[in-house]
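**Student:** As input, take start36.pdb (PDB, C-alpha atoms):
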ATOM      1  CA  MET K 268     -15.964 -45.747  23.687
ATOM      2  CA  ARG K 269     -15.886 -48.802  21.504
ATOM      3  CA  ASN K 270     -18.583 -47.353  19.218
ATOM      4  CA  LYS K 271     -16.579 -44.137  18.774
ATOM      5  CA  PHE K 272     -13.507 -46.162  17.853
ATOM      6  CA  LEU K 273     -15.474 -48.218  15.305
ATOM      7  CA  LYS K 274     -16.987 -45.101  13.750
ATOM      8  CA  ARG K 275     -13.583 -43.455  13.456
ATOM      9  CA  PHE K 276     -12.105 -46.627  11.993
ATOM     10  CA  LEU K 277     -14.894 -46.907   9.406
ATOM     11  CA  TYR K 278     -14.514 -43.217   8.526
ATOM     12  CA  VAL K 279     -10.785 -43.670   7.860
ATOM     13  CA  CYS K 280     -11.466 -46.787   5.776
ATOM     14  CA  VAL K 281     -14.043 -44.974   3.630
ATOM     15  CA  LEU K 282     -11.660 -42.054   3.052
ATOM     16  CA  SER K 283      -8.816 -44.400   2.154
ATOM     17  CA  ALA K 284     -11.023 -46.325  -0.269
ATOM     18  CA  ALA K 285     -12.239 -43.122  -1.922
ATOM     19  CA  PHE K 286      -8.683 -41.805  -2.299
ATOM     20  CA  SER K 287      -7.482 -45.132  -3.698
ATOM     21  CA  LEU K 288     -10.341 -45.213  -6.196
ATOM     22  CA  PHE K 289      -9.633 -41.637  -7.312
ATOM     23  CA  TYR K 290      -5.882 -42.256  -7.552
ATOM     24  CA  SER K 291      -6.315 -45.560  -9.407
ATOM     25  CA  LYS K 292      -8.723 -44.005 -11.871
ATOM     26  CA  HIS K 293      -6.121 -41.422 -12.970
ATOM     27  CA  ILE K 294      -3.285 -43.962 -13.015
ATOM     28  CA  ILE K 295      -5.310 -46.413 -15.089
ATOM     29  CA  ALA K 296      -6.384 -43.671 -17.511
ATOM     30  CA  TYR K 297      -2.783 -42.477 -17.858
ATOM     31  CA  GLU K 298      -1.472 -46.002 -18.466
ATOM     32  CA  GLN K 299      -4.231 -46.678 -20.977
ATOM     33  CA  GLU K 300      -3.242 -43.648 -23.041
ATOM     34  CA  ILE K 301       0.447 -44.644 -22.978
ATOM     35  CA  ASN K 302      -0.359 -48.229 -23.958
ATOM     36  CA  SER K 303      -2.791 -47.154 -26.654
ATOM     37  CA  LEU K 304      -0.292 -44.792 -28.294
ATOM     38  CA  SER K 305       2.547 -47.319 -27.935
ATOM     39  CA  THR K 306       0.492 -50.082 -29.574
ATOM     40  CA  ALA K 307      -0.421 -47.865 -32.537
ATOM     41  CA  MET K 308       3.206 -46.742 -32.955
ATOM     42  CA  ALA K 309       4.555 -50.292 -32.683
ATOM     43  CA  GLU K 310       2.312 -51.424 -35.553
ATOM     44  CA  LYS K 311       3.539 -48.560 -37.761
ATOM     45  CA  ILE K 312       7.196 -49.146 -36.849
ATOM     46  CA  ALA K 313       6.930 -52.878 -37.627
ATOM     47  CA  ALA K 314       5.066 -52.203 -40.889
ATOM     48  CA  ALA K 315       7.827 -49.774 -41.954
ATOM     49  CA  GLY K 316      10.432 -52.485 -41.373
ATOM     50  CA  LYS K 317      12.347 -50.611 -38.656
ATOM     51  CA  LYS K 318      14.563 -52.892 -36.552
ATOM     52  CA  THR K 319      16.094 -50.506 -34.004
ATOM     53  CA  ILE K 320      14.504 -47.414 -32.435
ATOM     54  CA  ALA K 321      15.313 -44.828 -29.748
ATOM     55  CA  VAL K 322      13.065 -42.568 -27.665
ATOM     56  CA  VAL K 323      14.402 -39.048 -26.983
ATOM     57  CA  ASP K 324      13.212 -36.694 -24.252
ATOM     58  CA  PHE K 325       9.831 -35.103 -24.947
ATOM     59  CA  THR K 326       9.752 -31.294 -25.046
ATOM     60  CA  ASP K 327       7.289 -28.422 -24.836
ATOM     61  CA  LEU K 328       6.442 -26.349 -27.924
ATOM     62  CA  GLN K 329       9.481 -24.160 -27.296
ATOM     63  CA  GLY K 330      11.874 -27.103 -27.277
ATOM     64  CA  SER K 331      12.499 -27.195 -23.513
ATOM     65  CA  VAL K 332      12.690 -30.471 -21.600
ATOM     66  CA  THR K 333      10.990 -30.966 -18.234
ATOM     67  CA  GLU K 334      11.027 -33.927 -15.869
ATOM     68  CA  LEU K 335       7.584 -34.801 -17.243
ATOM     69  CA  GLY K 336       9.086 -34.975 -20.739
ATOM     70  CA  ARG K 337      11.814 -37.323 -19.540
ATOM     71  CA  PHE K 338       9.317 -39.410 -17.559
ATOM     72  CA  LEU K 339       6.955 -39.844 -20.526
ATOM     73  CA  ALA K 340       9.841 -40.725 -22.852
ATOM     74  CA  GLU K 341      10.939 -43.413 -20.384
ATOM     75  CA  GLU K 342       7.376 -44.777 -20.134
ATOM     76  CA  PHE K 343       7.074 -44.999 -23.928
ATOM     77  CA  SER K 344      10.500 -46.645 -24.158
ATOM     78  CA  VAL K 345       9.479 -49.361 -21.690
ATOM     79  CA  ALA K 346       6.072 -49.858 -23.316
ATOM     80  CA  LEU K 347       7.522 -50.186 -26.831
ATOM     81  CA  ALA K 348      10.223 -52.588 -25.647
ATOM     82  CA  GLY K 349       7.529 -54.947 -24.398
ATOM     83  CA  MET K 350       5.443 -54.972 -27.578
ATOM     84  CA  GLY K 351       7.249 -57.910 -29.215
ATOM     85  CA  LYS K 352       6.945 -56.519 -32.737
ATOM     86  CA  GLY K 353      10.413 -57.491 -33.955
ATOM     87  CA  PHE K 354      12.302 -54.271 -33.235
ATOM     88  CA  GLU K 355      14.738 -53.351 -30.476
ATOM     89  CA  VAL K 356      14.620 -50.239 -28.278
ATOM     90  CA  VAL K 357      17.936 -48.567 -27.387
ATOM     91  CA  ASP K 358      18.391 -48.112 -23.636
ATOM     92  CA  ARG K 359      17.835 -44.439 -22.781
ATOM     93  CA  THR K 360      20.799 -44.318 -20.384
ATOM     94  CA  HIS K 361      23.066 -45.446 -23.219
ATOM     95  CA  LEU K 362      21.381 -42.947 -25.552
ATOM     96  CA  LYS K 363      21.996 -40.097 -23.101
ATOM     97  CA  SER K 364      25.703 -40.918 -22.788
ATOM     98  CA  ILE K 365      26.043 -40.861 -26.582
ATOM     99  CA  LEU K 366      24.269 -37.497 -26.778
ATOM    100  CA  VAL K 367      26.682 -36.051 -24.215
ATOM    101  CA  GLU K 368      29.760 -37.636 -25.818
ATOM    102  CA  HIS K 369      28.967 -36.235 -29.271
ATOM    103  CA  LYS K 370      27.630 -32.908 -27.938
ATOM    104  CA  LEU K 371      24.189 -33.499 -29.375
ATOM    105  CA  SER K 372      20.973 -32.392 -27.706
ATOM    106  CA  SER K 373      17.678 -34.218 -27.565
ATOM    107  CA  THR K 374      15.980 -30.845 -28.072
ATOM    108  CA  GLY K 375      15.323 -29.839 -31.685
ATOM    109  CA  ILE K 376      15.754 -33.476 -32.710
ATOM    110  CA  ILE K 377      13.232 -33.127 -35.561
ATOM    111  CA  ASP K 378      15.834 -31.217 -37.543
ATOM    112  CA  PRO K 379      16.624 -33.542 -40.499
ATOM    113  CA  GLN K 380      20.411 -33.155 -40.247
ATOM    114  CA  THR K 381      20.454 -33.811 -36.495
ATOM    115  CA  ALA K 382      18.098 -36.781 -36.842
ATOM    116  CA  ARG K 383      20.293 -38.386 -39.510
ATOM    117  CA  LYS K 384      23.477 -37.784 -37.496
ATOM    118  CA  LEU K 385      22.024 -39.285 -34.330
ATOM    119  CA  GLY K 386      20.663 -42.215 -36.334
ATOM    120  CA  GLN K 387      24.119 -42.947 -37.747
ATOM    121  CA  ILE K 388      25.926 -42.603 -34.407
ATOM    122  CA  VAL K 389      23.466 -44.652 -32.349
ATOM    123  CA  GLY K 390      22.640 -47.054 -35.177
ATOM    124  CA  VAL K 391      18.860 -46.672 -35.089
ATOM    125  CA  ASP K 392      16.345 -46.758 -37.915
ATOM    126  CA  ALA K 393      13.751 -44.540 -36.242
ATOM    127  CA  LEU K 394      13.467 -41.946 -33.494
ATOM    128  CA  ILE K 395      10.463 -41.381 -31.253
ATOM    129  CA  THR K 396       9.962 -37.697 -30.406
ATOM    130  CA  GLY K 397       7.138 -35.999 -28.549
ATOM    131  CA  THR K 398       5.751 -32.688 -27.342
ATOM    132  CA  ILE K 399       3.673 -32.007 -24.241
ATOM    133  CA  THR K 400       1.251 -29.068 -23.969
ATOM    134  CA  PRO K 401      -0.827 -28.193 -20.875
ATOM    135  CA  PHE K 402      -4.513 -27.479 -21.583
ATOM    136  CA  GLY K 403      -6.883 -26.806 -18.689
ATOM    137  CA  ASP K 404      -7.135 -29.981 -16.601
ATOM    138  CA  SER K 405      -5.213 -32.159 -19.054
ATOM    139  CA  ILE K 406      -1.875 -32.535 -20.835
ATOM    140  CA  ARG K 407      -1.823 -32.958 -24.607
ATOM    141  CA  ILE K 408       0.798 -35.448 -25.834
ATOM    142  CA  SER K 409       1.846 -35.472 -29.503
ATOM    143  CA  VAL K 410       4.186 -38.290 -30.517
ATOM    144  CA  LYS K 411       6.004 -38.798 -33.828
ATOM    145  CA  VAL K 412       8.076 -41.630 -35.307
ATOM    146  CA  LEU K 413      10.859 -40.261 -37.534
ATOM    147  CA  ASP K 414      12.776 -42.202 -40.165
ATOM    148  CA  THR K 415      16.463 -41.405 -39.441
ATOM    149  CA  THR K 416      17.401 -41.824 -43.104
ATOM    150  CA  THR K 417      14.879 -39.382 -44.557
ATOM    151  CA  ALA K 418      13.742 -37.541 -41.357
ATOM    152  CA  LYS K 419      10.189 -38.080 -42.625
ATOM    153  CA  VAL K 420       7.335 -38.858 -40.229
ATOM    154  CA  VAL K 421       6.469 -42.560 -40.230
ATOM    155  CA  SER K 422       3.644 -42.202 -37.711
ATOM    156  CA  ALA K 423       2.041 -39.477 -35.586
ATOM    157  CA  SER K 424      -0.500 -39.754 -32.760
ATOM    158  CA  THR K 425      -1.987 -37.588 -30.011
ATOM    159  CA  ALA K 426      -3.587 -38.232 -26.619
ATOM    160  CA  ASN K 427      -4.681 -36.427 -23.455
ATOM    161  CA  ILE K 428      -3.767 -37.356 -19.875
ATOM    162  CA  ALA K 429      -5.252 -35.911 -16.688
ATOM    163  CA  LYS K 430      -3.253 -33.085 -15.065
ATOM    164  CA  THR K 431      -2.869 -34.567 -11.594
ATOM    165  CA  LYS K 432      -0.756 -32.983  -8.853
ATOM    166  CA  ALA K 433       2.100 -35.386  -9.610
ATOM    167  CA  ILE K 434       1.948 -34.531 -13.313
ATOM    168  CA  GLU K 435       1.984 -30.789 -12.541
ATOM    169  CA  GLU K 436       5.043 -31.200 -10.297
ATOM    170  CA  LEU K 437       6.906 -33.069 -13.027
ATOM    171  CA  LEU K 438       5.870 -30.464 -15.590
ATOM    172  CA  ALA K 439       7.329 -27.634 -13.507
ATOM    173  CA  SER K 440      10.533 -29.445 -12.572
ATOM    174  CA  GLY K 441      13.950 -29.475 -14.204
ATOM    175  CA  ILE K 442      13.487 -27.279 -17.250
ATOM    176  CA  GLU K 443      16.298 -27.567 -19.808
ATOM    177  CA  SER K 444      16.186 -25.060 -22.674
ATOM    178  CA  PRO K 445      17.605 -25.619 -26.174
ATOM    179  CA  GLN K 446      21.032 -24.039 -26.712
ATOM    180  CA  SER K 447      22.010 -21.756 -29.579
ATOM    181  CA  SER K 448      24.545 -22.511 -32.270
ATOM    182  CA  GLY K 449      26.929 -20.290 -34.191
ATOM    183  CA  GLN K 450      26.979 -16.588 -33.371
ATOM    184  CA  GLN K 451      23.257 -16.209 -32.944
ATOM    185  CA  VAL K 452      21.819 -15.889 -29.460
ATOM    186  CA  THR K 453      18.851 -17.934 -28.307
ATOM    187  CA  ALA K 454      16.828 -17.388 -25.142
ATOM    188  CA  THR K 455      17.862 -19.812 -22.399
ATOM    189  CA  GLY K 456      14.705 -19.455 -20.320
ATOM    190  CA  TYR K 457      12.346 -16.997 -18.712
ATOM    191  CA  VAL K 458      11.538 -15.484 -15.355
ATOM    192  CA  PRO K 459       7.766 -15.125 -14.719
ATOM    193  CA  SER K 460       6.613 -11.668 -13.734
ATOM    194  CA  ALA K 461       4.898 -11.326 -10.375
ATOM    195  CA  SER K 462       2.339  -8.983 -11.929
ATOM    196  CA  SER K 463       1.108 -11.382 -14.603
ATOM    197  CA  PRO K 464       0.958 -15.191 -14.806
ATOM    198  CA  ASN K 465       1.226 -14.888 -18.598
ATOM    199  CA  SER K 466       4.444 -12.851 -18.589
ATOM    200  CA  LYS K 467       7.917 -14.055 -19.584
ATOM    201  CA  LYS K 468      11.361 -12.475 -19.498
ATOM    202  CA  ILE K 469      13.293 -13.526 -22.601
ATOM    203  CA  GLY K 470      16.552 -11.803 -23.453
ATOM    204  CA  PRO K 471      16.177  -8.010 -23.272
ATOM    205  CA  LEU K 472      12.374  -8.157 -23.540
ATOM    206  CA  ALA K 473       9.478  -8.769 -21.190
ATOM    207  CA  ILE K 474       6.702 -10.492 -23.152
ATOM    208  CA  ILE K 475       3.102 -10.554 -21.953
ATOM    209  CA  MET K 476       0.230 -12.590 -23.368
ATOM    210  CA  ARG K 477      -2.658 -10.124 -23.076
ATOM    211  CA  LYS K 478      -5.583 -12.090 -24.501
ATOM    212  CA  ILE K 479      -6.834 -14.457 -27.192
ATOM    213  CA  ILE K 480     -10.150 -13.772 -28.905
ATOM    214  CA  VAL K 481     -11.995 -16.288 -31.107
ATOM    215  CA  SER K 482     -14.464 -14.895 -33.654
ATOM    216  CA  LYS K 483     -16.011 -16.492 -36.769
ATOM    217  CA  GLY K 484     -13.186 -18.800 -37.822
ATOM    218  CA  TYR K 485     -10.469 -16.334 -36.897
ATOM    219  CA  VAL K 486      -8.363 -16.123 -33.752
ATOM    220  CA  SER K 487      -6.628 -12.914 -32.642
ATOM    221  CA  VAL K 488      -3.642 -13.238 -30.313
ATOM    222  CA  TYR K 489      -2.641 -10.032 -28.478
ATOM    223  CA  ILE K 490       0.989 -10.006 -27.270
ATOM    224  CA  GLU K 491       2.857  -7.114 -25.673
ATOM    225  CA  PHE K 492       6.638  -6.732 -26.074
ATOM    226  CA  ALA K 493       8.402  -4.458 -23.581
ATOM    227  CA  ASN K 494      12.001  -3.311 -24.120
ATOM    228  CA  GLN K 495      13.709  -3.300 -20.718
ATOM    229  CA  SER K 496      16.945  -1.715 -21.935
ATOM    230  CA  ARG K 497      17.658   1.877 -20.881
ATOM    231  CA  ASP K 498      19.656   2.882 -23.966
ATOM    232  CA  THR K 499      19.141   0.356 -26.760
ATOM    233  CA  GLU K 500      16.457   0.212 -29.439
ATOM    234  CA  PHE K 501      15.458  -3.179 -30.822
ATOM    235  CA  ARG K 502      13.571  -4.184 -33.944
ATOM    236  CA  LEU K 503      11.643  -7.441 -34.000
ATOM    237  CA  ALA K 504      10.534  -9.395 -37.082
ATOM    238  CA  LYS K 505       9.443 -12.883 -37.994
ATOM    239  CA  ASP K 506      12.231 -14.963 -39.522
ATOM    240  CA  VAL K 507      10.894 -16.523 -42.729
ATOM    241  CA  GLY K 508      13.530 -19.242 -42.490
ATOM    242  CA  VAL K 509      12.182 -20.898 -39.324
ATOM    243  CA  GLY K 510       8.469 -21.208 -40.032
ATOM    244  CA  GLU K 511       5.284 -19.374 -39.175
ATOM    245  CA  PRO K 512       3.853 -18.751 -35.690
ATOM    246  CA  THR K 513       1.753 -21.705 -34.508
ATOM    247  CA  LEU K 514      -1.562 -21.894 -32.657
ATOM    248  CA  VAL K 515      -3.402 -25.013 -31.429
ATOM    249  CA  ASP K 516      -6.279 -25.610 -29.025
ATOM    250  CA  GLU K 517      -6.930 -28.397 -26.517
ATOM    251  CA  LYS K 518      -9.069 -30.266 -29.072
ATOM    252  CA  GLY K 519      -6.083 -30.591 -31.392
ATOM    253  CA  ASN K 520      -7.338 -27.991 -33.898
ATOM    254  CA  THR K 521      -4.509 -26.198 -35.721
ATOM    255  CA  PHE K 522      -4.975 -22.595 -36.834
ATOM    256  CA  SER K 523      -3.018 -21.179 -39.784
ATOM    257  CA  PHE K 524      -1.098 -17.929 -39.379
ATOM    258  CA  VAL K 525      -2.616 -15.160 -41.522
ATOM    259  CA  ASN K 526      -0.689 -11.957 -40.902
ATOM    260  CA  ASN K 527       0.132  -8.939 -38.892
ATOM    261  CA  LEU K 528       0.528  -6.349 -41.596
ATOM    262  CA  SER K 529       1.319  -3.382 -39.390
ATOM    263  CA  SER K 530       3.494  -4.935 -36.711
ATOM    264  CA  LEU K 531       5.161  -8.105 -37.947
ATOM    265  CA  PRO K 532       6.188  -7.636 -41.603
ATOM    266  CA  GLU K 533       7.884 -10.464 -43.436
ATOM    267  CA  TYR K 534      11.230  -9.506 -44.913
ATOM    268  CA  PRO K 535      12.908 -11.202 -47.926
ATOM    269  CA  ALA K 536      14.918 -14.306 -47.080
ATOM    270  CA  THR K 537      17.977 -12.807 -48.794
ATOM    271  CA  LEU K 538      18.018  -9.846 -46.389
ATOM    272  CA  ARG K 539      19.406 -11.556 -43.308
ATOM    273  CA  THR K 540      22.201  -9.183 -42.357
ATOM    274  CA  ALA K 541      22.013  -6.584 -39.599
ATOM    275  CA  GLU K 542      22.491  -3.809 -42.161
ATOM    276  CA  HIS K 543      19.303  -4.768 -44.033
ATOM    277  CA  PHE K 544      17.311  -5.912 -41.028
ATOM    278  CA  LYS K 545      17.315  -2.482 -39.362
ATOM    279  CA  ASP K 546      14.946  -1.223 -42.071
ATOM    280  CA  TYR K 547      12.366  -3.885 -41.210
ATOM    281  CA  GLY K 548      10.425  -5.008 -38.204
ATOM    282  CA  PHE K 549       8.498  -3.965 -35.168
ATOM    283  CA  THR K 550      10.275  -1.077 -33.397
ATOM    284  CA  LEU K 551      10.877  -1.224 -29.652
ATOM    285  CA  PRO K 552      12.422   1.997 -28.262
ATOM    286  CA  PRO K 553      14.306   1.882 -24.924
ATOM    287  CA  GLN K 554      12.038   1.425 -21.889
ATOM    288  CA  ALA K 555       8.920   1.263 -24.090
ATOM    289  CA  ALA K 556       6.268  -1.346 -24.857
ATOM    290  CA  ASN K 557       4.280  -2.122 -27.994
ATOM    291  CA  GLU K 558       1.455  -4.578 -28.552
ATOM    292  CA  MET K 559       1.046  -6.656 -31.693
ATOM    293  CA  THR K 560      -1.893  -8.742 -32.837
ATOM    294  CA  LEU K 561      -1.269 -12.058 -34.546
ATOM    295  CA  THR K 562      -4.160 -13.290 -36.682
ATOM    296  CA  PHE K 563      -4.872 -16.987 -37.284
ATOM    297  CA  LYS K 564      -7.687 -18.818 -39.057
ATOM    298  CA  ASN K 565      -9.169 -22.263 -39.536
ATOM    299  CA  GLN K 566     -12.409 -22.112 -41.420
ATOM    300  CA  ASP K 567     -12.848 -25.910 -41.261
ATOM    301  CA  VAL K 568     -13.207 -25.911 -37.468
ATOM    302  CA  LYS K 569     -16.852 -26.145 -36.428
ATOM    303  CA  GLU K 570     -16.189 -25.477 -32.757
ATOM    304  CA  SER K 571     -12.817 -24.392 -31.400
ATOM    305  CA  GLY K 572     -11.616 -25.154 -27.892
ATOM    306  CA  TYR K 573     -11.291 -22.768 -24.964
ATOM    307  CA  TYR K 574      -7.588 -23.235 -24.163
ATOM    308  CA  PHE K 575      -4.792 -22.385 -26.594
ATOM    309  CA  ALA K 576      -1.043 -22.716 -27.027
ATOM    310  CA  VAL K 577       0.838 -20.219 -29.194
ATOM    311  CA  SER K 578       4.494 -20.294 -30.259
ATOM    312  CA  LEU K 579       6.508 -17.636 -32.099
ATOM    313  CA  LYS K 580      10.112 -17.542 -33.341
ATOM    314  CA  TYR K 581      11.588 -14.161 -34.150
ATOM    315  CA  LYS K 582      14.755 -12.120 -34.714
ATOM    316  CA  LEU K 583      15.894  -9.038 -32.808
ATOM    317  CA  TRP K 584      18.125  -6.360 -34.318
ATOM    318  CA  ASN K 585      20.218  -4.492 -31.726
ATOM    319  CA  SER K 586      20.714  -0.817 -32.630
ATOM    320  CA  LYS K 587      23.735  -0.507 -30.346
ATOM    321  CA  ASP K 588      26.026  -3.154 -31.823
ATOM    322  CA  GLU K 589      23.923  -3.936 -34.950
ATOM    323  CA  SER K 590      23.811  -7.623 -34.053
ATOM    324  CA  LEU K 591      21.046 -10.115 -34.884
ATOM    325  CA  SER K 592      19.748 -12.622 -32.347
ATOM    326  CA  ASN K 593      17.293 -15.517 -32.576
ATOM    327  CA  TYR K 594      14.626 -15.919 -29.910
ATOM    328  CA  SER K 595      11.422 -17.877 -29.402
ATOM    329  CA  VAL K 596       8.481 -17.608 -27.032
ATOM    330  CA  SER K 597       5.598 -19.952 -26.231
ATOM    331  CA  PHE K 598       2.502 -19.589 -24.098
ATOM    332  CA  THR K 599       0.337 -22.554 -23.139
ATOM    333  CA  ASP K 600      -2.960 -23.120 -21.370
ATOM    334  CA  ILE K 601      -4.304 -19.673 -22.339
ATOM    335  CA  LYS K 602      -8.071 -19.407 -21.959
ATOM    336  CA  ALA K 603      -9.672 -17.578 -24.891
ATOM    337  CA  GLN K 604     -12.580 -15.186 -25.091
ATOM    338  CA  LYS K 605     -15.275 -16.017 -27.634
ATOM    339  CA  ASN K 606     -17.262 -13.404 -29.526
TER     340      ASN K 606
END
Using structure tokens, write down the structure that the file contains.

**Tutor:**
Amino acid sequence: MRNKFLKRFLYVCVLSAAFSLFYSKHIIAYEQEINSLSTAMAEKIAAAGKKTIAVVDFTDLQGSVTELGRFLAEEFSVALAGMGKGFEVVDRTHLKSILVEHKLSSTGIIDPQTARKLGQIVGVDALITGTITPFGDSIRISVKVLDTTTAKVVSASTANIAKTKAIEELLASGIESPQSSGQQVTATGYVPSASSPNSKKIGPLAIIMRKIIVSKGYVSVYIEFANQSRDTEFRLAKDVGVGEPTLVDEKGNTFSFVNNLSSLPEYPATLRTAEHFKDYGFTLPPQAANEMTLTFKNQDVKESGYYFAVSLKYKLWNSKDESLSNYSVSFTDIKAQKN
């Protein structure tokens, strides 16, 4: 009886030790990445002569904030405050109250006008912003230090942290999407389709990431757009005023947008009214779906990764009321096929 008890006790001890070792390994690795990035940023901030800084919530590529984004921003804020490099870090609770009071959002903070305004109101010389992108078993963190006077990047760094269960729960929790301004409509979120893990419902469209194929320096991204309206035709086109579609892999390689000549034509920047827009774009009849192929390249990449994140901003013209709306869509952690 005593031997059985001792065996069971030893078994529990071994399991506990193994779990503790596994847990500690991920915690230590995570803290090391945070400290490493913070140290590098602190040196750059001090060298640039910045005396007061603030850390805003980190976002995904689409500009949405999750609990993970808030958590990482808080961790960086604490780490930077303890560096002793001669600058002060604004308390994030105080920063949040100012954002609410002045109706500013931490999303889209890289916009030069917004960065300058927040810098003046809060009285900071630099802002720390960041994006988080899931890739396979890890999370890619990209952090930037912005000068609030010029909105130029003082420093930029990247790191990977392990995608533990706790990290995944934070990533999926408390999504806050960027809000629109003016009369243009922006998607406030998406509802995943039960039929496809790579499907999103944004505005009047269901958008499905079909596949990504890598071949000889080029990457083809196949996306299907389905019009869910029963009586309204839409036309979709890339807005030249908000930048090109983006594509990155888990190794940090960036691929340049090439074209989609047949499906995603670029229209002149001067033609931004509904009257002109209806003659351009990718047509989506009621209750119909069309697939477009976005082409990217990076001939300097010797070996691309296997997991990709793609982001696209676009305009929709509504045939019913002839209105124009702004939307954006992002897909992350998409495993590619290689030819």

**Student:** From the set K:Ser592, K:Thr398, K:Thr319, K:Thr521, which residue has the shortest atom-to-atom contact distance to Ala426 (chain K), counting all atoms listed in the file?

**Tutor:**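 Of K:Ser592, K:Thr398, K:Thr319, K:Thr521, the one nearest Ala426 (chain K) is K:Thr398, counting all atoms listed in the file.
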
**Student:** Counting all atoms listed in the file, what is within 12 Å of Gly386 (chain K), bar same-chain residues fewer than 2 positions away, as a PyMOL selection string?

**Tutor:** chain K and resi 319-323+357+362+365-366+371+376-377+379-384+388-395+413-418

**Student:** Listed atoms of region 410-418 of chain K, axis-aligned box, 3 Å per side: centre and edge lengths to one decimal in Å, as lines of an AutoDock Vina configuration file?

**Tutor:**
center_x = 10.8
center_y = -39.9
center_z = -37.5
size_x = 19.2
size_y = 10.7
size_z = 20.0

**Student:** Which residues would end up in the selection if the PyMOL selection byres ((chain K and resi 340) around 12) were applied here, given that I need the answer as a PyMOL selection string?

**Tutor:** chain K and resi 301+305+321-326+332-339+341-347+356+358-360+373+394-399+408-411

**Student:** What are the closest atom pairs, with distances in Å to one decimal, for all residues of region 465-495 of chain K lying within 9 Å of region 571-582 of chain K? Consider only C-alpha atoms, order rows by chain and residue number, and present the result as CSV.

**Tutor:**
residue,atom,partner,partner_atom,distance
K:Ile479,CA,K:Phe575,CA,8.2
K:Val481,CA,K:Ser571,CA,8.2
K:Gly484,CA,K:Ser571,CA,8.5
K:Val488,CA,K:Val577,CA,8.4

**Student:** Need the shell around region 400-407 of chain K: protein/DNA/RNA residues with any atom at most 7 Å away, counting all atoms listed in the file. Skip same-chain ones fewer than 6 positions apart. Format as a list of chain:residue names?

**Tutor:** K:Asp327, K:Ala426, K:Asn427, K:Ile428, K:Ala429, K:Lys430, K:Glu517, K:Tyr574, K:Thr599, K:Asp600

**Student:** Quick one: pull the distance between CA of Leu385 (chain K) and CA of Ala315 (chain K), Å, one decimal.

**Tutor:**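 A separation of 19.2 Å between them.
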
**Student:** Run the PyMOL selection byres ((chain K and resi 307-313) around 8) against the file shown and list the residues it catches, as a list of chain:residue names.

**Tutor:**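 For this structure, the PyMOL selection byres ((chain K and resi 307-313) around 8) captures K:Ser303, K:Leu304, K:Ser305, K:Thr306, K:Ala314, K:Ala315, K:Gly316, K:Lys317, K:Lys318, K:Leu347, K:Met350, K:Lys352, K:Gly353, K:Phe354, K:Val412, K:Val421, K:Ser422, K:Ala423, K:Ser424.
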
**Student:** What gap, in Å, lies between CA of Ala555 (chain K) and CA of Ile490 (chain K)?

**Tutor:**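 Separation of CA of Ala555 (chain K) and CA of Ile490 (chain K): 14.1 Å.
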
**Student:** Just how far from CA of Gly470 (chain K) is CA of Asn557 (chain K), in Å to one decimal?

**Tutor:**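 Computing the Euclidean distance for CA of Asn557 (chain K) and CA of Gly470 (chain K) yields 16.3 Å.
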
**Student:** If I only have part of region 480-490 of chain K, can you fill in N, CA and C atoms and write it as a CSV table (one decimal), in the coordinates of the input?

**Tutor:**
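Printed below is selection36.csv as written:
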chain,number,residue,atom,x,y,z
K,480,ILE,N,-8.7,-13.9,-28.6
K,480,ILE,CA,-10.2,-13.8,-28.9
K,480,ILE,C,-10.5,-14.6,-30.1
K,481,VAL,N,-11.5,-15.5,-30.0
K,481,VAL,CA,-12.0,-16.3,-31.1
K,481,VAL,C,-13.3,-15.7,-31.7
K,482,SER,N,-13.3,-15.5,-33.0
K,482,SER,CA,-14.5,-14.9,-33.7
K,482,SER,C,-14.6,-15.3,-35.1
K,483,LYS,N,-15.6,-16.1,-35.4
K,483,LYS,CA,-16.0,-16.5,-36.8
K,483,LYS,C,-14.9,-17.1,-37.6
K,484,GLY,N,-14.2,-18.1,-37.1
K,484,GLY,CA,-13.2,-18.8,-37.8
K,484,GLY,C,-11.8,-18.2,-37.7
K,485,TYR,N,-11.8,-17.0,-37.1
K,485,TYR,CA,-10.5,-16.3,-36.9
K,485,TYR,C,-10.1,-16.3,-35.4
K,486,VAL,N,-8.8,-16.3,-35.1
K,486,VAL,CA,-8.4,-16.1,-33.8
K,486,VAL,C,-7.3,-15.0,-33.7
K,487,SER,N,-7.6,-14.0,-32.8
K,487,SER,CA,-6.6,-12.9,-32.6
K,487,SER,C,-5.8,-13.1,-31.3
K,488,VAL,N,-4.5,-13.1,-31.5
K,488,VAL,CA,-3.6,-13.2,-30.3
K,488,VAL,C,-2.9,-11.9,-30.0
K,489,TYR,N,-3.2,-11.3,-28.8
K,489,TYR,CA,-2.6,-10.0,-28.5
K,489,TYR,C,-1.4,-10.2,-27.5
K,490,ILE,N,-0.2,-9.8,-28.0
K,490,ILE,CA,1.0,-10.0,-27.3
K,490,ILE,C,1.7,-8.7,-27.1
